[in-house]
Protein chains: 2
Amino acid sequence: MNSKHVAFDDLDRKIVAALIANARTSFAEIGAAIGLSATAVKRRADRLRENDVITGYTATVRPAALGWSTEAFVEVYCDGAAPPRRLAEVVRNHPEITSAMTVTGGADALLHVRATDVGHFEEVLERIRAEPFIRKTISYMVLSHLLPDSAEAGAREAAPDDAANLH
Amino acid sequence: MNSKHVAFDDLDRKIVAALIANARTSFAEIGAAIGLSATAVKRRADRLRENDVITGYTATVRPAALGWSTEAFVEVYCDGAAPPRRLAEVVRNHPEITSAMTVTGGADALLHVRATDVGHFEEVLERIRAEPFIRKTISYMVLSHLLPDSAEAGAREAAPDDAANLH
DNA sequence: AATGAAAGGCGGTAGGC
DNA sequence: GCCTACCGCCTTTCATT
């Protein structure tokens with residue numbers, strides 16, 4: 001297991017769901033919906049934030065509107081054994097990498113990359129390939145999205161049945 | 001081009017960046033940081049929301065804390081020509097699919113899937129493979145993340161230099 | 001230990017300039 | 001875009017169970 005596990009009831013789950021749906025919903029409104037006072041909702045929300053169940057509040061944007069119109073996944077293959085530690089360092093050098101993970105299969109890592117256009121993406125790719133122990137990369141450009149791409153952050157429901165409070 | 005393009009200046013970009021960093025930051029605080037009154041910040045934020053530059057405000061959660069401890073990417077191969085329209089329908093049938101897109105390369109689509117555990121993931125996979133014209137799938141389980149996985153939603157900076165306001 | 005009620009201060013919101 | 005004013009919300013304190 002990764003982190004701290006804390007008691008977690010149905011009300012907490014509803015609060016999380018409400019804040020995922022709209023992070024600016026007032027505590028009073030959430031309370032009215034679930035039968036709690038605004039005070040109680042705030043205390044629970046603060047506790048959830050404290051326990052890193054909620055990791056933050058963010059505005060979701062349409063990247064294309066900000067000029068990021070190109071998106072791709074990049075498989076990375078390394079020379080020899082690729083220590084995730086070193087890989088993480090490399091990844092942090094390139095702000096265009098929005099997500100990076102180690103995965104099963106042949107590749108040592110899978111990157112999600114955003115760029116302004118294809119030219120920019122090519123430049124990012126060259127930069128990545130110039131890193132010390134990167135042997136090769138395979139890119140998959142994203143053509144179109146099949147989902148509204150709403151809240152990628154969390155799952156589309158706040159909790160899987162009640163797998164979360166069994167600790 | 002995809003959607004409406006609207007005039008967009010440096011102040012807007014700073015407001016977006018502030019709201020990505022923390023969607024609950026007060027307009028007064030943002031205004032103080034960028035030299036604007038709270039009123040002006042609110043009006044700009046409302047306009048950005050109106051134009052779908054900002055698509056919403058959401059709480060980011062640690063999926064594992066909510067019981068979603070398994071994550072994978074799934075390449076989907078279809079029989080014959082795969083109409084994205086039909087693919088989108090299929091994708092919407094499975095709430096565990098948090099993101100789905102068509103991509104370059106051999107696969108017809110790439111899915112991002114979250115499940116509570118490996119057993120659940122297998123069940124999701126069977127459900128997907130039972131869909132009419134899905135021929136085969138290839139899965140890549142996510143092992144570990146190399147970035148804090150902060151704001152996946154937007155790029156890590158709110159704007160690529162000034163590629164965004166050239167319209 | 002958690003909730004609810006009350007009070008003060010701050011922020012969101014609309015109207016006028 | 002700023003200033004003003006009002007209303008509602010956030011936040012703390014305290015009493016209650």
# chains A, B, ... in the order shown; residues from 1 in each chain; ligands from 1
>>> interface_residues(of="chain B", to="chain C", cutoff="10 Å", atoms="only C-alpha atoms (C1' of nucleotides)", output="JSON list (two decimals) with C-alpha atoms, in the first residue's frame")
[["chain", "number", "residue", "atom", "x", "y", "z"],
["B", 26, "SER", "CA", -9.99, 34.21, -4.37],
["B", 27, "PHE", "CA", -10.33, 36.69, -7.19],
["B", 28, "ALA", "CA", -9.06, 39.37, -4.81],
["B", 38, "ALA", "CA", -11.16, 41.56, -7.78],
["B", 39, "THR", "CA", -14.06, 42.66, -9.95],
["B", 42, "LYS", "CA", -14.00, 37.88, -11.80]]
>>> interface_residues(of="chain B", to="chain D", cutoff="9 Å", atoms="only C-alpha atoms (C1' of nucleotides)", output="MDAnalysis selection string")
chainID B and resid 36:37 39:40
>>> write_last_selection(atoms="all heavy atoms", output="compact mmCIF listing (two decimals), in the first residue's frame")
# COMPACT_ATOMS: atom_id res chain seq x y z
N LEU B 36 -4.75 43.82 -10.58
CA LEU B 36 -6.11 44.06 -11.07
C LEU B 36 -7.06 44.03 -9.87
O LEU B 36 -6.74 43.45 -8.84
CB LEU B 36 -6.50 42.96 -12.06
CG LEU B 36 -6.97 43.35 -13.47
CD1 LEU B 36 -5.94 44.23 -14.14
CD2 LEU B 36 -7.21 42.11 -14.30
N SER B 37 -8.21 44.64 -10.01
CA SER B 37 -9.18 44.56 -8.93
C SER B 37 -9.88 43.20 -8.97
O SER B 37 -9.89 42.51 -9.99
CB SER B 37 -10.23 45.66 -9.07
OG SER B 37 -11.11 45.35 -10.12
N THR B 39 -12.97 42.60 -8.98
CA THR B 39 -14.06 42.66 -9.95
C THR B 39 -13.57 42.32 -11.35
O THR B 39 -14.17 41.51 -12.07
CB THR B 39 -14.69 44.06 -9.97
OG1 THR B 39 -14.95 44.46 -8.64
CG2 THR B 39 -15.96 44.06 -10.78
N ALA B 40 -12.48 42.94 -11.74
CA ALA B 40 -11.95 42.71 -13.08
C ALA B 40 -11.55 41.25 -13.25
O ALA B 40 -11.81 40.64 -14.30
CB ALA B 40 -10.75 43.63 -13.32
>>> residues_around(residues="B:Ala23", least_positions_apart="2", cutoff="8 Å", atoms="only C-alpha atoms (C1' of nucleotides)", output="VMD selection string")
(chain A and resid 23 to 24 57 to 59) or (chain B and resid 18 to 21 25 57 to 58)
>>> write_last_selection(atoms="N, CA, C and O atoms", output="mmCIF file, in the first residue's frame")
data_model
loop_
_atom_site.group_PDB
_atom_site.id
_atom_site.type_symbol
_atom_site.label_atom_id
_atom_site.label_comp_id
_atom_site.auth_asym_id
_atom_site.auth_seq_id
_atom_site.Cartn_x
_atom_site.Cartn_y
_atom_site.Cartn_z
ATOM 1 N N ALA A 23 -15.382 22.249 -8.063
ATOM 2 C CA ALA A 23 -14.518 22.553 -6.920
ATOM 3 C C ALA A 23 -14.896 23.850 -6.234
ATOM 4 O O ALA A 23 -14.417 24.139 -5.148
ATOM 5 N N ARG A 24 -15.762 24.639 -6.856
ATOM 6 C CA ARG A 24 -16.138 25.908 -6.255
ATOM 7 C C ARG A 24 -17.519 25.857 -5.604
ATOM 8 O O ARG A 24 -18.029 26.874 -5.135
ATOM 9 N N TYR A 57 -7.212 21.553 -5.816
ATOM 10 C CA TYR A 57 -8.355 22.050 -6.572
ATOM 11 C C TYR A 57 -7.810 22.760 -7.803
ATOM 12 O O TYR A 57 -6.924 23.591 -7.694
ATOM 13 N N THR A 58 -8.333 22.413 -8.946
ATOM 14 C CA THR A 58 -7.764 22.999 -10.157
ATOM 15 C C THR A 58 -8.825 23.341 -11.185
ATOM 16 O O THR A 58 -9.900 22.735 -11.207
ATOM 17 N N ALA A 59 -8.499 24.339 -12.001
ATOM 18 C CA ALA A 59 -9.352 24.655 -13.144
ATOM 19 C C ALA A 59 -8.983 23.711 -14.274
ATOM 20 O O ALA A 59 -7.806 23.491 -14.548
ATOM 21 N N ALA B 18 -3.271 30.850 -12.399
ATOM 22 C CA ALA B 18 -3.580 30.897 -10.968
ATOM 23 C C ALA B 18 -4.699 29.926 -10.615
ATOM 24 O O ALA B 18 -4.647 29.250 -9.584
ATOM 25 N N LEU B 19 -5.696 29.842 -11.479
ATOM 26 C CA LEU B 19 -6.834 28.968 -11.193
ATOM 27 C C LEU B 19 -6.481 27.501 -11.416
ATOM 28 O O LEU B 19 -7.060 26.616 -10.781
ATOM 29 N N ILE B 20 -5.543 27.234 -12.299
ATOM 30 C CA ILE B 20 -5.064 25.859 -12.445
ATOM 31 C C ILE B 20 -4.297 25.457 -11.191
ATOM 32 O O ILE B 20 -4.473 24.360 -10.665
ATOM 33 N N ALA B 21 -3.490 26.371 -10.702
ATOM 34 C CA ALA B 21 -2.702 26.080 -9.496
ATOM 35 C C ALA B 21 -3.604 25.841 -8.302
ATOM 36 O O ALA B 21 -3.369 24.964 -7.483
ATOM 37 N N THR B 25 -8.547 29.785 -5.211
ATOM 38 C CA THR B 25 -7.932 31.084 -4.950
ATOM 39 C C THR B 25 -8.969 32.180 -5.153
ATOM 40 O O THR B 25 -9.718 32.169 -6.121
ATOM 41 N N TYR B 57 -14.134 23.529 -12.887
ATOM 42 C CA TYR B 57 -13.291 23.541 -11.702
ATOM 43 C C TYR B 57 -13.477 22.210 -10.991
ATOM 44 O O TYR B 57 -14.602 21.793 -10.761
ATOM 45 N N THR B 58 -12.396 21.551 -10.665
ATOM 46 C CA THR B 58 -12.558 20.228 -10.069
ATOM 47 C C THR B 58 -11.539 19.972 -8.970
ATOM 48 O O THR B 58 -10.458 20.567 -8.952
#
>>> interface_residues(of="chain A", to="chain B", cutoff="7 Å", atoms="only C-alpha atoms", output="PyMOL selection string")
chain A and resi 19-24+52-63+65-67+88+95-96+98-105+114+116+140-147+149+152-156+159-160+163-164
>>> write_last_selection(atoms="N, CA and C atoms", output="compact mmCIF listing (two decimals), in the first residue's frame")
# COMPACT_ATOMS: atom_id res chain seq x y z
N LEU A 19 -17.17 17.90 -4.94
CA LEU A 19 -16.04 18.79 -5.23
C LEU A 19 -15.35 18.43 -6.54
N ILE A 20 -15.43 17.17 -6.92
CA ILE A 20 -14.92 16.79 -8.24
C ILE A 20 -15.81 17.41 -9.32
N ALA A 21 -17.11 17.35 -9.09
CA ALA A 21 -18.05 17.91 -10.07
C ALA A 21 -17.85 19.41 -10.21
N ASN A 22 -17.63 20.08 -9.10
CA ASN A 22 -17.38 21.53 -9.13
C ASN A 22 -16.64 21.95 -7.88
N ALA A 23 -15.38 22.25 -8.06
CA ALA A 23 -14.52 22.55 -6.92
C ALA A 23 -14.90 23.85 -6.23
N ARG A 24 -15.76 24.64 -6.86
CA ARG A 24 -16.14 25.91 -6.26
C ARG A 24 -17.52 25.86 -5.60
N ASP A 52 -4.68 13.97 2.02
CA ASP A 52 -4.34 13.80 0.61
C ASP A 52 -5.27 12.83 -0.11
N VAL A 53 -6.49 12.71 0.39
CA VAL A 53 -7.50 12.05 -0.44
C VAL A 53 -7.82 13.03 -1.57
N ILE A 54 -8.09 14.26 -1.18
CA ILE A 54 -8.14 15.36 -2.14
C ILE A 54 -6.75 15.96 -2.21
N THR A 55 -6.18 16.00 -3.40
CA THR A 55 -4.80 16.50 -3.53
C THR A 55 -4.74 17.95 -3.97
N GLY A 56 -5.87 18.51 -4.33
CA GLY A 56 -5.86 19.92 -4.73
C GLY A 56 -7.13 20.29 -5.45
N TYR A 57 -7.21 21.55 -5.82
CA TYR A 57 -8.36 22.05 -6.57
C TYR A 57 -7.81 22.76 -7.80
N THR A 58 -8.33 22.41 -8.95
CA THR A 58 -7.76 23.00 -10.16
C THR A 58 -8.83 23.34 -11.18
N ALA A 59 -8.50 24.34 -12.00
CA ALA A 59 -9.35 24.65 -13.14
C ALA A 59 -8.98 23.71 -14.27
N THR A 60 -9.97 23.14 -14.91
CA THR A 60 -9.69 22.32 -16.10
C THR A 60 -9.80 23.23 -17.31
N VAL A 61 -8.88 23.06 -18.23
CA VAL A 61 -8.86 23.94 -19.40
C VAL A 61 -8.90 23.11 -20.67
N ARG A 62 -9.25 23.77 -21.75
CA ARG A 62 -9.20 23.15 -23.05
C ARG A 62 -7.84 23.52 -23.64
N PRO A 63 -6.89 22.59 -23.63
CA PRO A 63 -5.52 22.95 -24.01
C PRO A 63 -5.45 23.64 -25.37
N ALA A 65 -7.37 25.70 -26.61
CA ALA A 65 -7.70 27.11 -26.48
C ALA A 65 -6.49 27.92 -26.04
N LEU A 66 -5.56 27.26 -25.39
CA LEU A 66 -4.36 27.95 -24.92
C LEU A 66 -3.19 27.76 -25.88
N GLY A 67 -3.45 27.13 -27.00
CA GLY A 67 -2.40 26.99 -28.00
C GLY A 67 -1.72 25.63 -28.01
N ALA A 88 12.94 9.57 -13.86
CA ALA A 88 12.13 10.66 -13.32
C ALA A 88 12.86 11.99 -13.47
N PRO A 95 9.18 20.29 -19.69
CA PRO A 95 7.86 20.70 -19.20
C PRO A 95 6.72 20.24 -20.10
N GLU A 96 7.02 19.88 -21.34
CA GLU A 96 5.96 19.42 -22.24
C GLU A 96 5.44 18.04 -21.86
N THR A 98 3.51 15.91 -19.67
CA THR A 98 2.48 16.19 -18.67
C THR A 98 2.20 14.98 -17.78
N SER A 99 2.65 13.83 -18.20
CA SER A 99 2.44 12.62 -17.42
C SER A 99 3.48 11.60 -17.85
N ALA A 100 3.96 10.81 -16.92
CA ALA A 100 4.99 9.82 -17.25
C ALA A 100 4.90 8.67 -16.28
N MET A 101 5.02 7.47 -16.80
CA MET A 101 4.90 6.31 -15.92
C MET A 101 5.67 5.13 -16.48
N THR A 102 6.04 4.24 -15.61
CA THR A 102 6.58 2.96 -16.05
C THR A 102 5.41 2.02 -16.28
N VAL A 103 5.55 1.17 -17.29
CA VAL A 103 4.44 0.30 -17.67
C VAL A 103 4.94 -1.10 -18.00
N THR A 104 4.02 -2.04 -17.98
CA THR A 104 4.35 -3.38 -18.44
C THR A 104 4.51 -3.35 -19.96
N GLY A 105 5.12 -4.37 -20.51
CA GLY A 105 5.36 -4.41 -21.95
C GLY A 105 6.81 -4.05 -22.25
N ARG A 114 2.44 17.17 -24.47
CA ARG A 114 1.65 18.21 -25.13
C ARG A 114 2.59 19.22 -25.79
N THR A 116 2.68 22.67 -28.89
CA THR A 116 1.83 23.65 -29.55
C THR A 116 1.45 23.20 -30.95
N TYR A 140 2.94 7.97 -30.63
CA TYR A 140 1.58 7.79 -31.10
C TYR A 140 0.86 9.13 -30.96
N MET A 141 0.60 9.77 -32.08
CA MET A 141 -0.08 11.07 -32.02
C MET A 141 -1.55 10.86 -31.72
N VAL A 142 -2.08 11.71 -30.88
CA VAL A 142 -3.52 11.65 -30.60
C VAL A 142 -4.26 12.37 -31.72
N LEU A 143 -5.23 11.70 -32.31
CA LEU A 143 -5.98 12.28 -33.42
C LEU A 143 -7.26 12.94 -32.95
N SER A 144 -8.05 12.22 -32.16
CA SER A 144 -9.28 12.81 -31.64
C SER A 144 -9.66 12.12 -30.35
N HIS A 145 -10.41 12.84 -29.54
CA HIS A 145 -10.85 12.28 -28.26
C HIS A 145 -12.25 11.70 -28.40
N LEU A 146 -12.48 10.56 -27.75
CA LEU A 146 -13.76 9.87 -27.85
C LEU A 146 -14.64 10.13 -26.63
N LEU A 147 -14.08 10.81 -25.64
CA LEU A 147 -14.85 11.18 -24.45
C LEU A 147 -14.71 12.67 -24.25
N ASP A 149 -13.64 14.04 -22.06
CA ASP A 149 -12.38 14.30 -21.39
C ASP A 149 -12.61 15.19 -20.18
N GLU A 152 -10.36 13.95 -15.97
CA GLU A 152 -9.38 12.87 -16.11
C GLU A 152 -8.79 12.51 -14.76
N ALA A 153 -8.72 13.52 -13.91
CA ALA A 153 -8.06 13.34 -12.62
C ALA A 153 -8.59 12.13 -11.86
N GLY A 154 -9.87 12.13 -11.60
CA GLY A 154 -10.44 11.04 -10.82
C GLY A 154 -11.19 10.09 -11.71
N ALA A 155 -11.63 9.04 -11.16
CA ALA A 155 -12.50 8.15 -11.90
C ALA A 155 -13.82 8.88 -12.09
N ARG A 156 -14.66 8.37 -12.97
CA ARG A 156 -15.86 9.12 -13.28
C ARG A 156 -16.90 9.04 -12.18
N ALA A 159 -16.26 6.90 -6.09
CA ALA A 159 -15.83 5.73 -5.33
C ALA A 159 -16.36 4.44 -5.96
N PRO A 160 -15.53 3.43 -5.99
CA PRO A 160 -15.92 2.14 -6.52
C PRO A 160 -16.68 1.35 -5.47
N ALA A 163 -15.14 0.08 -1.83
CA ALA A 163 -13.83 -0.53 -1.66
C ALA A 163 -12.91 0.35 -0.84
N ALA A 164 -13.34 1.59 -0.61
CA ALA A 164 -12.42 2.57 -0.04
C ALA A 164 -12.39 2.59 1.48
>>> atom_distance(atom1="atom CA of A:Arg44", atom2="atom CA of A:Glu29")
14.3 Å
